[in-house]
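*Asks:* What follows is the file work.txt, containing compact mmCIF, C-alpha atoms:
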# COMPACT_ATOMS: atom_id res chain seq x y z
CA MET A 240 0.00 0.00 0.00
CA ASP A 241 1.23 3.51 -0.81
CA LEU A 242 3.01 5.07 2.19
CA LEU A 243 1.40 8.47 1.52
CA LEU A 244 -2.08 6.93 1.73
CA VAL A 245 -1.17 5.10 4.93
CA LEU A 246 0.18 8.30 6.50
CA THR A 247 -2.93 10.25 5.46
CA VAL A 248 -5.28 7.66 6.98
CA LEU A 249 -3.15 7.46 10.12
CA THR A 250 -3.13 11.27 10.42
CA VAL A 251 -6.92 11.38 10.13
CA ILE A 252 -7.19 8.79 12.90
CA ILE A 253 -4.75 10.66 15.15
CA VAL A 254 -6.55 13.99 14.52
CA LEU A 255 -9.82 12.40 15.63
CA LEU A 256 -8.03 10.88 18.63
CA PHE A 257 -6.75 14.34 19.56
CA ASP A 258 -10.29 15.67 19.14
CA TYR A 259 -11.52 12.93 21.47
CA THR A 260 -8.86 13.71 24.09
CA ASN A 261 -9.70 17.40 23.73
CA GLY A 262 -13.32 16.66 24.61
CA PHE A 263 -12.27 14.21 27.32
CA HIS A 264 -9.90 16.80 28.79
CA ASP A 265 -12.36 19.70 28.51
CA ALA A 266 -15.46 17.88 29.76
CA ALA A 267 -14.85 19.17 33.27
CA ASN A 268 -14.52 22.75 32.03
CA ILE A 269 -18.05 22.60 30.68
CA VAL A 270 -19.79 20.78 33.52
CA ALA A 271 -17.72 21.79 36.58
CA THR A 272 -19.78 24.78 37.68
CA VAL A 273 -23.16 23.26 36.90
CA ILE A 274 -22.28 20.19 38.99
CA ALA A 275 -20.60 22.16 41.78
CA SER A 276 -23.69 24.37 42.15
CA ARG A 277 -25.92 21.26 42.17
CA ALA A 278 -28.00 22.57 39.29
CA MET A 279 -27.76 19.19 37.54
CA SER A 280 -26.61 15.70 38.27
CA PRO A 281 -23.55 14.54 36.32
CA ALA A 282 -25.81 12.45 34.06
CA GLN A 283 -28.09 15.41 33.29
CA ALA A 284 -25.13 17.71 32.67
CA VAL A 285 -23.48 15.28 30.28
CA ALA A 286 -26.74 14.75 28.36
CA VAL A 287 -27.36 18.49 27.86
CA VAL A 288 -23.73 19.24 27.08
CA GLY A 289 -23.40 16.32 24.67
CA ILE A 290 -26.27 17.51 22.46
CA PHE A 291 -25.01 21.08 22.13
CA GLU A 292 -21.36 20.08 21.82
CA PHE A 293 -22.36 18.07 18.76
CA LEU A 294 -24.29 20.97 17.21
CA GLY A 295 -21.57 23.60 17.80
CA PRO A 296 -19.07 22.41 15.15
CA LEU A 297 -21.82 21.84 12.58
CA LEU A 298 -23.37 25.30 12.96
CA GLY A 299 -20.42 27.42 14.12
CA GLY A 300 -18.71 28.02 10.78
CA THR A 301 -15.06 27.38 9.87
CA ALA A 302 -13.26 30.64 10.78
CA VAL A 303 -11.19 29.01 13.54
CA ALA A 304 -10.39 26.02 11.29
CA ASN A 305 -8.96 28.43 8.70
CA THR A 306 -6.73 30.04 11.34
CA ILE A 307 -5.42 26.76 12.74
CA GLY A 308 -4.91 25.17 9.33
CA LYS A 309 -2.67 27.99 8.16
CA PHE A 310 -0.26 28.77 11.02
CA VAL A 311 2.29 26.26 9.69
CA SER A 312 3.50 26.11 6.08
CA LEU A 313 4.25 22.60 4.85
CA GLY A 314 3.32 22.86 1.16
CA ASP A 315 6.93 22.74 -0.09
CA LEU A 316 7.72 19.51 1.79
CA THR A 317 7.14 16.04 0.41
CA GLY A 318 3.78 14.62 1.40
CA GLN A 319 5.42 11.98 3.57
CA VAL A 320 7.52 14.46 5.57
CA ALA A 321 4.62 16.91 5.92
CA LEU A 322 2.20 14.27 7.20
CA THR A 323 4.82 12.81 9.53
CA THR A 324 5.31 16.29 10.94
CA LEU A 325 1.59 16.69 11.57
CA LEU A 326 1.48 13.27 13.23
CA ALA A 327 4.37 14.17 15.54
CA GLY A 328 2.78 17.46 16.61
CA LEU A 329 -0.57 15.78 17.29
CA LEU A 330 1.03 12.99 19.32
CA GLY A 331 2.88 15.55 21.42
CA ALA A 332 -0.39 17.36 22.16
CA ILE A 333 -2.23 14.13 22.97
CA VAL A 334 0.43 12.97 25.42
CA TRP A 335 0.43 16.34 27.18
CA ASN A 336 -3.38 16.23 27.44
CA PHE A 337 -3.23 12.86 29.13
CA VAL A 338 -0.44 13.92 31.51
CA THR A 339 -2.32 17.00 32.71
CA TRP A 340 -5.61 15.09 32.93
CA TRP A 341 -3.93 12.42 35.07
CA LYS A 342 -2.61 15.10 37.42
CA GLY A 343 -6.01 16.83 37.54
CA ILE A 344 -4.56 20.08 36.19
CA PRO A 345 -6.76 22.19 33.86
CA SER A 346 -4.25 22.96 31.14
CA SER A 347 -5.05 24.06 27.61
CA SER A 348 -5.54 21.60 24.74
CA SER A 349 -5.18 24.57 22.38
CA HIS A 350 -1.79 25.46 23.83
CA ALA A 351 -0.77 21.80 23.58
CA LEU A 352 -1.78 21.64 19.91
CA VAL A 353 0.10 24.84 19.04
CA GLY A 354 3.18 23.75 20.97
CA GLY A 355 3.21 20.24 19.55
CA LEU A 356 2.93 21.43 15.95
CA VAL A 357 5.48 24.24 16.30
CA GLY A 358 8.00 21.84 17.86
CA ALA A 359 7.52 19.20 15.18
CA VAL A 360 7.65 21.70 12.29
CA TRP A 361 10.75 23.43 13.69
CA VAL A 362 12.67 20.14 13.82
CA SER A 363 11.39 18.76 10.51
CA ALA A 364 11.57 21.85 8.29
CA GLY A 365 12.96 24.79 10.24
CA SER A 366 11.48 27.79 12.01
CA ASP A 367 10.78 29.54 8.68
CA HIS A 368 8.00 27.00 8.06
CA VAL A 369 6.12 28.29 11.07
CA VAL A 370 3.89 31.22 10.04
CA TRP A 371 4.81 33.51 12.91
CA GLY A 372 2.81 36.48 11.54
CA LEU A 373 5.16 39.15 12.91
CA SER A 374 5.95 40.77 9.56
CA GLU A 375 2.24 41.00 8.67
CA LEU A 376 1.55 42.57 12.05
CA PHE A 377 4.28 45.21 11.83
CA ARG A 378 3.82 46.04 8.14
CA HIS A 379 0.06 45.86 7.74
CA GLY A 380 -1.37 45.62 11.26
CA HIS A 381 -2.87 42.26 10.29
CA PHE A 382 -3.02 39.39 12.75
CA THR A 383 -2.26 36.00 11.28
CA GLY A 384 -0.40 32.77 11.99
CA VAL A 385 1.07 32.07 15.41
CA THR A 386 0.73 35.76 16.39
CA LYS A 387 -3.04 35.58 15.98
CA VAL A 388 -3.26 32.24 17.77
CA LEU A 389 -1.15 33.34 20.74
CA LEU A 390 -2.89 36.73 20.99
CA ALA A 391 -6.24 34.96 21.23
CA LEU A 392 -4.91 32.51 23.83
CA VAL A 393 -3.42 35.34 25.91
CA LEU A 394 -6.32 37.81 25.71
CA SER A 395 -9.12 35.30 26.27
CA PRO A 396 -8.25 34.65 29.95
CA VAL A 397 -8.08 38.41 30.53
CA ALA A 398 -11.48 38.76 28.91
CA GLY A 399 -12.82 35.88 31.01
CA PHE A 400 -11.66 37.55 34.22
CA GLY A 401 -12.88 41.03 33.29
CA VAL A 402 -16.26 39.99 31.90
CA GLY A 403 -16.80 37.64 34.84
CA PHE A 404 -16.03 40.44 37.30
CA ILE A 405 -18.48 42.83 35.60
CA MET A 406 -21.13 40.21 34.95
CA HIS A 407 -21.23 39.18 38.60
CA ARG A 408 -21.56 42.77 39.78
CA ILE A 409 -24.49 43.32 37.40
CA VAL A 410 -26.28 40.12 38.39
CA LEU A 411 -25.73 40.84 42.10
CA GLY A 412 -27.29 44.25 41.59
CA CYS A 413 -30.30 42.76 39.82
CA LEU A 414 -30.81 40.16 42.56
CA ARG A 415 -30.07 42.36 45.55
CA ALA A 416 -33.62 42.08 46.89
CA ALA A 417 -34.11 38.44 45.87
CA LYS A 418 -35.14 35.77 48.38
CA PRO A 419 -33.22 32.53 48.94
CA SER A 420 -35.82 30.78 46.77
CA ALA A 421 -34.23 32.53 43.78
CA ASN A 422 -31.50 29.88 43.91
CA ALA A 423 -33.97 27.37 42.47
CA ARG A 424 -34.54 29.60 39.43
CA LEU A 425 -30.82 30.17 39.06
CA ARG A 426 -30.26 26.43 38.99
CA ARG A 427 -32.98 25.90 36.37
CA SER A 428 -31.51 28.70 34.25
CA GLN A 429 -28.28 26.77 34.00
CA PHE A 430 -29.91 24.30 31.64
CA ILE A 431 -29.82 27.17 29.13
CA THR A 432 -26.46 28.71 30.01
CA SER A 433 -24.63 25.37 30.15
CA ALA A 434 -26.09 24.52 26.75
CA GLY A 435 -24.81 27.86 25.42
CA LEU A 436 -21.35 27.18 26.84
CA ALA A 437 -21.30 23.69 25.31
CA PHE A 438 -22.33 25.05 21.90
CA SER A 439 -19.61 27.74 22.04
CA HIS A 440 -17.00 25.21 23.13
CA GLY A 441 -17.92 22.86 20.30
CA ALA A 442 -17.90 25.68 17.77
CA ASN A 443 -14.38 26.70 18.79
CA ASP A 444 -12.56 23.55 19.83
CA ALA A 445 -13.73 21.08 17.16
CA GLN A 446 -12.68 23.58 14.49
CA LYS A 447 -9.06 23.20 15.58
CA SER A 448 -9.16 19.54 14.63
CA MET A 449 -11.17 20.37 11.49
CA GLY A 450 -8.38 22.71 10.39
CA ILE A 451 -5.61 20.15 10.94
CA LEU A 452 -7.60 17.35 9.31
CA THR A 453 -8.31 19.49 6.25
CA LEU A 454 -4.62 20.40 6.04
CA ALA A 455 -3.73 16.68 6.17
CA LEU A 456 -6.09 15.95 3.28
CA MET A 457 -4.45 18.74 1.25
CA LEU A 458 -0.94 17.48 1.97
CA GLY A 459 -2.02 13.96 1.05
CA GLY A 460 -3.39 15.21 -2.28
CA PHE A 461 -7.01 14.30 -1.57
CA ILE A 462 -8.32 17.86 -1.84
CA HIS A 463 -6.87 20.78 -3.80
CA SER A 464 -7.86 23.81 -1.72
CA PHE A 465 -8.36 24.53 1.97
CA GLU A 466 -12.10 24.01 2.24
CA VAL A 467 -13.46 21.97 5.12
CA PRO A 468 -15.59 19.04 3.81
CA PHE A 469 -18.86 18.32 5.58
CA TRP A 470 -17.76 14.82 6.56
CA VAL A 471 -14.77 16.38 8.36
CA MET A 472 -17.12 18.62 10.35
CA LEU A 473 -19.30 15.62 11.21
CA ALA A 474 -16.35 13.41 12.18
CA CYS A 475 -14.74 16.07 14.40
CA SER A 476 -18.08 16.91 16.00
CA THR A 477 -18.66 13.23 16.79
CA ALA A 478 -15.15 12.68 18.20
CA LEU A 479 -15.31 15.78 20.42
CA THR A 480 -18.76 14.84 21.72
CA ALA A 481 -17.61 11.28 22.44
CA GLY A 482 -14.74 12.69 24.48
CA ILE A 483 -17.10 14.98 26.38
CA LEU A 484 -19.40 12.08 27.19
CA SER A 485 -16.44 10.07 28.50
CA GLY A 486 -15.62 12.92 30.88
CA GLY A 487 -12.38 14.10 32.46
CA TRP A 488 -13.88 14.22 35.93
CA ARG A 489 -10.59 14.68 37.78
CA ILE A 490 -10.56 18.37 36.81
CA VAL A 491 -14.09 19.04 38.12
CA ARG A 492 -12.68 19.28 41.64
CA THR A 493 -10.20 21.97 40.59
CA LEU A 494 -12.57 24.23 38.65
CA GLY A 495 -15.70 23.57 40.71
CA PHE A 496 -14.28 23.70 44.20
CA ALA A 497 -10.57 24.56 44.45
CA ILE A 498 -10.59 28.13 43.07
CA TYR A 499 -13.69 29.60 44.70
CA ARG A 500 -16.78 28.25 46.41
CA VAL A 501 -19.26 28.03 43.55
CA ARG A 502 -22.95 28.57 44.31
CA PRO A 503 -25.81 28.84 41.77
CA ILE A 504 -25.28 32.54 41.05
CA HIS A 505 -21.56 32.06 40.46
CA ALA A 506 -22.14 29.07 38.19
CA LEU A 507 -24.68 30.97 36.11
CA ASP A 508 -22.39 33.99 35.75
CA SER A 509 -19.40 31.82 34.84
CA GLN A 510 -21.36 29.99 32.15
CA LEU A 511 -22.72 33.25 30.68
CA THR A 512 -19.26 34.80 30.69
CA SER A 513 -17.49 31.82 29.19
CA ALA A 514 -20.12 31.25 26.49
CA ALA A 515 -20.01 34.91 25.42
CA VAL A 516 -16.21 35.14 25.28
CA ILE A 517 -15.73 31.82 23.47
CA PHE A 518 -18.51 32.44 20.94
CA ALA A 519 -17.20 35.92 20.13
CA ALA A 520 -13.73 34.42 19.57
CA SER A 521 -15.17 31.73 17.29
CA MET A 522 -16.85 34.33 15.10
CA ALA A 523 -13.51 36.19 14.85
CA GLY A 524 -11.66 33.01 13.89
CA ALA A 525 -9.65 33.12 17.12
CA PRO A 526 -8.85 29.77 18.77
CA VAL A 527 -9.13 30.10 22.54
CA SER A 528 -8.76 27.82 25.53
CA THR A 529 -12.03 26.93 27.23
CA THR A 530 -9.98 25.93 30.28
CA HIS A 531 -8.49 29.41 30.52
CA VAL A 532 -11.78 31.22 30.03
CA VAL A 533 -13.78 29.13 32.52
CA ALA A 534 -11.07 29.23 35.19
CA THR A 535 -10.46 32.98 34.92
CA SER A 536 -14.19 33.73 34.83
CA ILE A 537 -14.48 31.99 38.22
CA MET A 538 -11.53 34.02 39.48
CA GLY A 539 -13.10 37.26 38.23
CA ILE A 540 -16.43 36.42 39.84
CA GLY A 541 -14.74 35.58 43.13
CA ALA A 542 -12.61 38.73 43.00
CA SER A 543 -15.71 40.89 42.48
CA GLU A 544 -17.35 39.41 45.58
CA HIS A 545 -14.70 38.30 48.10
CA PRO A 546 -11.14 38.61 46.75
CA ARG A 547 -9.65 37.05 49.86
CA ALA A 548 -11.82 33.95 49.42
CA VAL A 549 -10.30 33.23 46.01
CA ARG A 550 -7.66 30.52 46.32
CA TRP A 551 -4.96 32.41 44.47
CA GLU A 552 -2.39 29.70 45.19
CA LYS A 553 -4.40 27.30 43.07
CA ALA A 554 -4.63 30.03 40.43
CA LYS A 555 -0.83 30.32 40.43
CA GLU A 556 -0.53 26.56 40.01
CA ILE A 557 -2.86 26.66 37.01
CA ALA A 558 -1.02 29.66 35.53
CA THR A 559 2.30 27.82 35.84
CA THR A 560 0.85 24.92 33.90
CA TRP A 561 -0.36 27.31 31.22
CA ILE A 562 3.14 28.77 30.87
CA ILE A 563 4.90 25.42 30.54
CA THR A 564 2.32 23.78 28.23
CA ILE A 565 3.54 25.19 24.91
CA PRO A 566 7.27 24.46 25.42
CA SER A 567 6.52 21.03 26.94
CA ALA A 568 4.21 20.04 24.07
CA ALA A 569 6.75 21.46 21.59
CA LEU A 570 9.47 19.27 23.07
CA MET A 571 7.18 16.25 22.82
CA GLY A 572 6.24 17.06 19.24
CA ALA A 573 9.90 17.44 18.27
CA SER A 574 10.77 14.16 19.99
CA PHE A 575 8.00 12.26 18.24
CA PHE A 576 9.17 13.58 14.86
CA ALA A 577 12.75 12.50 15.56
CA LEU A 578 11.51 9.01 16.45
CA GLN A 579 9.34 8.80 13.34
CA ARG A 580 12.16 10.04 11.09
CA ALA A 581 14.47 7.39 12.45
CA PHE A 582 11.83 4.67 12.08
CA LEU A 583 10.70 5.63 8.54
CA GLY A 584 14.13 6.72 7.31
CA LEU A 585 12.94 10.16 6.20
CA GLY A 586 15.58 12.63 5.07
Go through the file and emit its structure as structure tokens.

*Replies:*
Amino acid sequence: MDLLLVLTVLTVIIVLLFDYTNGFHDAANIVATVIASRAMSPAQAVAVVGIFEFLGPLLGGTAVANTIGKFVSLGDLTGQVALTTLLAGLLGAIVWNFVTWWKGIPSSSSHALVGGLVGAVWVSAGSDHVVWGLSELFRHGHFTGVTKVLLALVLSPVAGFGVGFIMHRIVLGCLRAAKPSANARLRRSQFITSAGLAFSHGANDAQKSMGILTLALMLGGFIHSFEVPFWVMLACSTALTAGILSGGWRIVRTLGFAIYRVRPIHALDSQLTSAAVIFAASMAGAPVSTTHVVATSIMGIGASEHPRAVRWEKAKEIATTWIITIPSAALMGASFFALQRAFLGLG
């Protein structure tokens, strides 16, 4: 069988595996607050989230896929080397996802994907094959490539914190005279807000895999232009939803309990904040980390109410993981490429 065909099929499988681990890793980000506030049982939360996670990639467009699929340039490499590079980057991201899940640390699958691919491309083809986007930024003020990806990943946590802070103040003002019975309505409202968060997450995160899978099909010669086929959308939507349904429950404890004591009002505000920030980023074609946005929204909500009650030490631990994710995944991606090159005898 032709090696290029084998590599293309293998890359498609690994992309879908990454998509699955992304959903598996991010399941807790979506359901943590709704479970911590006792608005839903885990079974109810997973059912609601699963439906809207599946719909998000199908209805959310392809702007993020276009961004992710074009921040590395592999068109001048042979198909075998290009696909091997993609495989190495994906494997690096997958391994990092599993490591952080096992430790119960809410790291970013988006950071892991970027790091893994940059590391693999740097070793296989050189740094000039990474579309850094700096010249476009300085010459034309246009954000593209790694610059656009990193800007989105850096600004989205800031937006999560700020919007969460403001959102909580507004909701507190609206409910100032409310009776304790209002908690029941706040819990019921989370059926809507958690669905919105799941839809936004699906619309953003599945597109990352859609972009890489479409790039793999181009490099393998199966499509001639970067246009996401419908079956790719459907496959990535299914893989992400399957990962969500499997659940990375270890991280629920961190996001739902270890940063700030989450009650119904905090859960509702966090879901509204996260859904708004992530959906806005998806429309702008900006890949963001759901982990970052959800965690910092909880921090912003806590800071607006009782700053001293926020467990900032846990926040520092999470931030440290964020900082080391890209270089760690890059090292893994580079290592996987070196192993594959030695095994396949690629030049």

*Asks:* Have a look at atom CA of A:Val245 and atom CA of A:Val369 and let me know their distance in Å, one decimal.

*Replies:*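 The value is 25.1 Å.
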
*Asks:* Of the residues A:Gly314, A:Gly372, A:Gly355, A:Gly343, which is the one nearest to A:Gly331, using all atoms listed in the file?

*Replies:* A:Gly355

*Asks:* Place a sphere of radius 7 Å on (-16.3, 28.5, 33.2) in the file coordinates and name every protein, DNA or RNA residue with an atom inside or on its surface, counting only C-alpha atoms; give the answer as number ranges by chain.

*Replies:* A: 268-269, 272, 509-510, 513, 532-534, 536-537

*Asks:* When distances are computed from only C-alpha atoms, which of A:Tyr259, A:Thr535, A:Arg277, A:Leu313 shows the smallest separation from A:Leu458?

*Replies:* A:Leu313

*Asks:* What is the atom CA of A:Ala332 to atom CA of A:Ala442 distance in Å?

*Replies:*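 If I compute the distance from atom CA of A:Ala332 to atom CA of A:Ala442, I get 19.9 Å.
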
*Asks:* Is there a way to get, as a list in words, all residues within 10 Å of the point (-13.6, 33.9, 15.4) in file coordinates, counting all atoms listed in the file?

*Replies:*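 Output of the proximity query reads Gly299, Gly300, Thr301, Ala302, Val303, Ala304, Asn305, Thr306, Ala391, Ala442, Asn443, Ile517, Phe518, Ala519, Ala520, Ser521, Met522, Ala523, Gly524, Ala525, Pro526 and Val527 of chain A.
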
*Asks:* How would the residues just chosen look if you wrote them out with C-alpha atoms as an mmCIF file, in the frame of the given file?

*Replies:*
data_model
loop_
_atom_site.group_PDB
_atom_site.id
_atom_site.type_symbol
_atom_site.label_atom_id
_atom_site.label_comp_id
_atom_site.auth_asym_id
_atom_site.auth_seq_id
_atom_site.Cartn_x
_atom_site.Cartn_y
_atom_site.Cartn_z
ATOM 1 C CA GLY A 299 -20.420 27.420 14.120
ATOM 2 C CA GLY A 300 -18.710 28.020 10.780
ATOM 3 C CA THR A 301 -15.060 27.380 9.870
ATOM 4 C CA ALA A 302 -13.260 30.640 10.780
ATOM 5 C CA VAL A 303 -11.190 29.010 13.540
ATOM 6 C CA ALA A 304 -10.390 26.020 11.290
ATOM 7 C CA ASN A 305 -8.960 28.430 8.700
ATOM 8 C CA THR A 306 -6.730 30.040 11.340
ATOM 9 C CA ALA A 391 -6.240 34.960 21.230
ATOM 10 C CA ALA A 442 -17.900 25.680 17.770
ATOM 11 C CA ASN A 443 -14.380 26.700 18.790
ATOM 12 C CA ILE A 517 -15.730 31.820 23.470
ATOM 13 C CA PHE A 518 -18.510 32.440 20.940
ATOM 14 C CA ALA A 519 -17.200 35.920 20.130
ATOM 15 C CA ALA A 520 -13.730 34.420 19.570
ATOM 16 C CA SER A 521 -15.170 31.730 17.290
ATOM 17 C CA MET A 522 -16.850 34.330 15.100
ATOM 18 C CA ALA A 523 -13.510 36.190 14.850
ATOM 19 C CA GLY A 524 -11.660 33.010 13.890
ATOM 20 C CA ALA A 525 -9.650 33.120 17.120
ATOM 21 C CA PRO A 526 -8.850 29.770 18.770
ATOM 22 C CA VAL A 527 -9.130 30.100 22.540
#

*Asks:* Kindly list the centre and edge lengths in Å, rounded to one decimal, for the axis-aligned box that covers all listed atoms of stretch 538-550 of chain A plus 5 Å on each of its six sides, as JSON.

*Replies:*
{"center_x": -12.5, "center_y": 35.7, "center_z": 44.0, "size_x": 19.7, "size_y": 20.4, "size_z": 21.6}

*Asks:* Any idea what's packed within 8 Å of A:Leu484, counting only C-alpha atoms, ignoring anything in its chain fewer than 2 positions away? Could you give it as a PDB file with C-alpha atoms, keeping the file's coordinate frame?

*Replies:*
ATOM      1  CA  PHE A 263     -12.270  14.210  27.320  1.00  0.00           C
ATOM      2  CA  ALA A 266     -15.460  17.880  29.760  1.00  0.00           C
ATOM      3  CA  VAL A 285     -23.480  15.280  30.280  1.00  0.00           C
ATOM      4  CA  ALA A 286     -26.740  14.750  28.360  1.00  0.00           C
ATOM      5  CA  GLY A 289     -23.400  16.320  24.670  1.00  0.00           C
ATOM      6  CA  THR A 480     -18.760  14.840  21.720  1.00  0.00           C
ATOM      7  CA  ALA A 481     -17.610  11.280  22.440  1.00  0.00           C
ATOM      8  CA  GLY A 482     -14.740  12.690  24.480  1.00  0.00           C
ATOM      9  CA  GLY A 486     -15.620  12.920  30.880  1.00  0.00           C
TER      10      GLY A 486
END

*Asks:* Using only C-alpha atoms, which of A:Leu456, A:His505, A:Thr564, A:Met472 sits nearest A:Val410?

*Replies:*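 Once distances to A:Val410 are computed over only C-alpha atoms, the minimum belongs to A:His505.
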
*Asks:* Which residues are near stretch 566-576 of chain A? Cut-off 7 Å, all atoms listed in the file, ignore same chain within fewer than 5 positions. Put them as JSON, numbers by chain.

*Replies:* {"A": [323, 324, 327, 328, 330, 331, 332, 335, 351, 354, 355, 356, 357, 358, 359, 362]}

*Asks:* Within 10 Å of A:Arg502, counting only C-alpha atoms, which residues show up once you throw out same-chain ones fewer than 6 positions away? Write them as an NGL selection string, please.

*Replies:* :A and (272-278 or 422 or 425-426 or 495-496)

*Asks:* In Å to one decimal, how far is atom CA of A:Gly308 from atom CA of A:Leu454?

*Replies:*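 Calculated distance between atom CA of A:Leu454 and atom CA of A:Gly308 is 5.8 Å.
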
*Asks:* I need stretch 417-487 of chain A written out with C-alpha atoms, as a PDB file, in the first residue's frame; please produce it.

*Replies:*
ATOM      1  CA  ALA A 417     -34.108  38.441  45.870  1.00  0.00           C
ATOM      2  CA  LYS A 418     -35.142  35.774  48.379  1.00  0.00           C
ATOM      3  CA  PRO A 419     -33.223  32.526  48.935  1.00  0.00           C
ATOM      4  CA  SER A 420     -35.822  30.780  46.774  1.00  0.00           C
ATOM      5  CA  ALA A 421     -34.233  32.532  43.782  1.00  0.00           C
ATOM      6  CA  ASN A 422     -31.502  29.877  43.912  1.00  0.00           C
ATOM      7  CA  ALA A 423     -33.967  27.373  42.471  1.00  0.00           C
ATOM      8  CA  ARG A 424     -34.543  29.604  39.432  1.00  0.00           C
ATOM      9  CA  LEU A 425     -30.815  30.167  39.061  1.00  0.00           C
ATOM     10  CA  ARG A 426     -30.261  26.425  38.989  1.00  0.00           C
ATOM     11  CA  ARG A 427     -32.975  25.902  36.371  1.00  0.00           C
ATOM     12  CA  SER A 428     -31.511  28.695  34.245  1.00  0.00           C
ATOM     13  CA  GLN A 429     -28.278  26.771  34.001  1.00  0.00           C
ATOM     14  CA  PHE A 430     -29.913  24.296  31.637  1.00  0.00           C
ATOM     15  CA  ILE A 431     -29.819  27.167  29.132  1.00  0.00           C
ATOM     16  CA  THR A 432     -26.458  28.712  30.015  1.00  0.00           C
ATOM     17  CA  SER A 433     -24.627  25.373  30.150  1.00  0.00           C
ATOM     18  CA  ALA A 434     -26.094  24.519  26.747  1.00  0.00           C
ATOM     19  CA  GLY A 435     -24.809  27.858  25.417  1.00  0.00           C
ATOM     20  CA  LEU A 436     -21.352  27.185  26.843  1.00  0.00           C
ATOM     21  CA  ALA A 437     -21.305  23.690  25.309  1.00  0.00           C
ATOM     22  CA  PHE A 438     -22.329  25.055  21.905  1.00  0.00           C
ATOM     23  CA  SER A 439     -19.612  27.736  22.044  1.00  0.00           C
ATOM     24  CA  HIS A 440     -16.999  25.210  23.125  1.00  0.00           C
ATOM     25  CA  GLY A 441     -17.917  22.855  20.297  1.00  0.00           C
ATOM     26  CA  ALA A 442     -17.904  25.682  17.769  1.00  0.00           C
ATOM     27  CA  ASN A 443     -14.375  26.703  18.790  1.00  0.00           C
ATOM     28  CA  ASP A 444     -12.565  23.547  19.825  1.00  0.00           C
ATOM     29  CA  ALA A 445     -13.733  21.080  17.161  1.00  0.00           C
ATOM     30  CA  GLN A 446     -12.680  23.578  14.494  1.00  0.00           C
ATOM     31  CA  LYS A 447      -9.062  23.199  15.584  1.00  0.00           C
ATOM     32  CA  SER A 448      -9.165  19.537  14.628  1.00  0.00           C
ATOM     33  CA  MET A 449     -11.169  20.370  11.493  1.00  0.00           C
ATOM     34  CA  GLY A 450      -8.381  22.707  10.385  1.00  0.00           C
ATOM     35  CA  ILE A 451      -5.611  20.152  10.940  1.00  0.00           C
ATOM     36  CA  LEU A 452      -7.597  17.345   9.308  1.00  0.00           C
ATOM     37  CA  THR A 453      -8.313  19.493   6.246  1.00  0.00           C
ATOM     38  CA  LEU A 454      -4.618  20.405   6.042  1.00  0.00           C
ATOM     39  CA  ALA A 455      -3.734  16.683   6.166  1.00  0.00           C
ATOM     40  CA  LEU A 456      -6.095  15.948   3.283  1.00  0.00           C
ATOM     41  CA  MET A 457      -4.451  18.737   1.253  1.00  0.00           C
ATOM     42  CA  LEU A 458      -0.945  17.476   1.971  1.00  0.00           C
ATOM     43  CA  GLY A 459      -2.020  13.960   1.046  1.00  0.00           C
ATOM     44  CA  GLY A 460      -3.388  15.206  -2.277  1.00  0.00           C
ATOM     45  CA  PHE A 461      -7.005  14.296  -1.575  1.00  0.00           C
ATOM     46  CA  ILE A 462      -8.324  17.859  -1.838  1.00  0.00           C
ATOM     47  CA  HIS A 463      -6.866  20.776  -3.801  1.00  0.00           C
ATOM     48  CA  SER A 464      -7.858  23.806  -1.718  1.00  0.00           C
ATOM     49  CA  PHE A 465      -8.358  24.529   1.967  1.00  0.00           C
ATOM     50  CA  GLU A 466     -12.103  24.014   2.235  1.00  0.00           C
ATOM     51  CA  VAL A 467     -13.465  21.966   5.124  1.00  0.00           C
ATOM     52  CA  PRO A 468     -15.585  19.044   3.808  1.00  0.00           C
ATOM     53  CA  PHE A 469     -18.858  18.321   5.584  1.00  0.00           C
ATOM     54  CA  TRP A 470     -17.759  14.824   6.560  1.00  0.00           C
ATOM     55  CA  VAL A 471     -14.766  16.381   8.356  1.00  0.00           C
ATOM     56  CA  MET A 472     -17.124  18.621  10.347  1.00  0.00           C
ATOM     57  CA  LEU A 473     -19.299  15.623  11.210  1.00  0.00           C
ATOM     58  CA  ALA A 474     -16.354  13.413  12.177  1.00  0.00           C
ATOM     59  CA  CYS A 475     -14.742  16.071  14.399  1.00  0.00           C
ATOM     60  CA  SER A 476     -18.083  16.913  16.002  1.00  0.00           C
ATOM     61  CA  THR A 477     -18.656  13.235  16.791  1.00  0.00           C
ATOM     62  CA  ALA A 478     -15.151  12.680  18.200  1.00  0.00           C
ATOM     63  CA  LEU A 479     -15.313  15.779  20.417  1.00  0.00           C
ATOM     64  CA  THR A 480     -18.757  14.842  21.719  1.00  0.00           C
ATOM     65  CA  ALA A 481     -17.611  11.280  22.442  1.00  0.00           C
ATOM     66  CA  GLY A 482     -14.740  12.693  24.485  1.00  0.00           C
ATOM     67  CA  ILE A 483     -17.095  14.983  26.380  1.00  0.00           C
ATOM     68  CA  LEU A 484     -19.401  12.076  27.190  1.00  0.00           C
ATOM     69  CA  SER A 485     -16.435  10.073  28.503  1.00  0.00           C
ATOM     70  CA  GLY A 486     -15.621  12.919  30.882  1.00  0.00           C
ATOM     71  CA  GLY A 487     -12.385  14.105  32.457  1.00  0.00           C
TER      72      GLY A 487
END
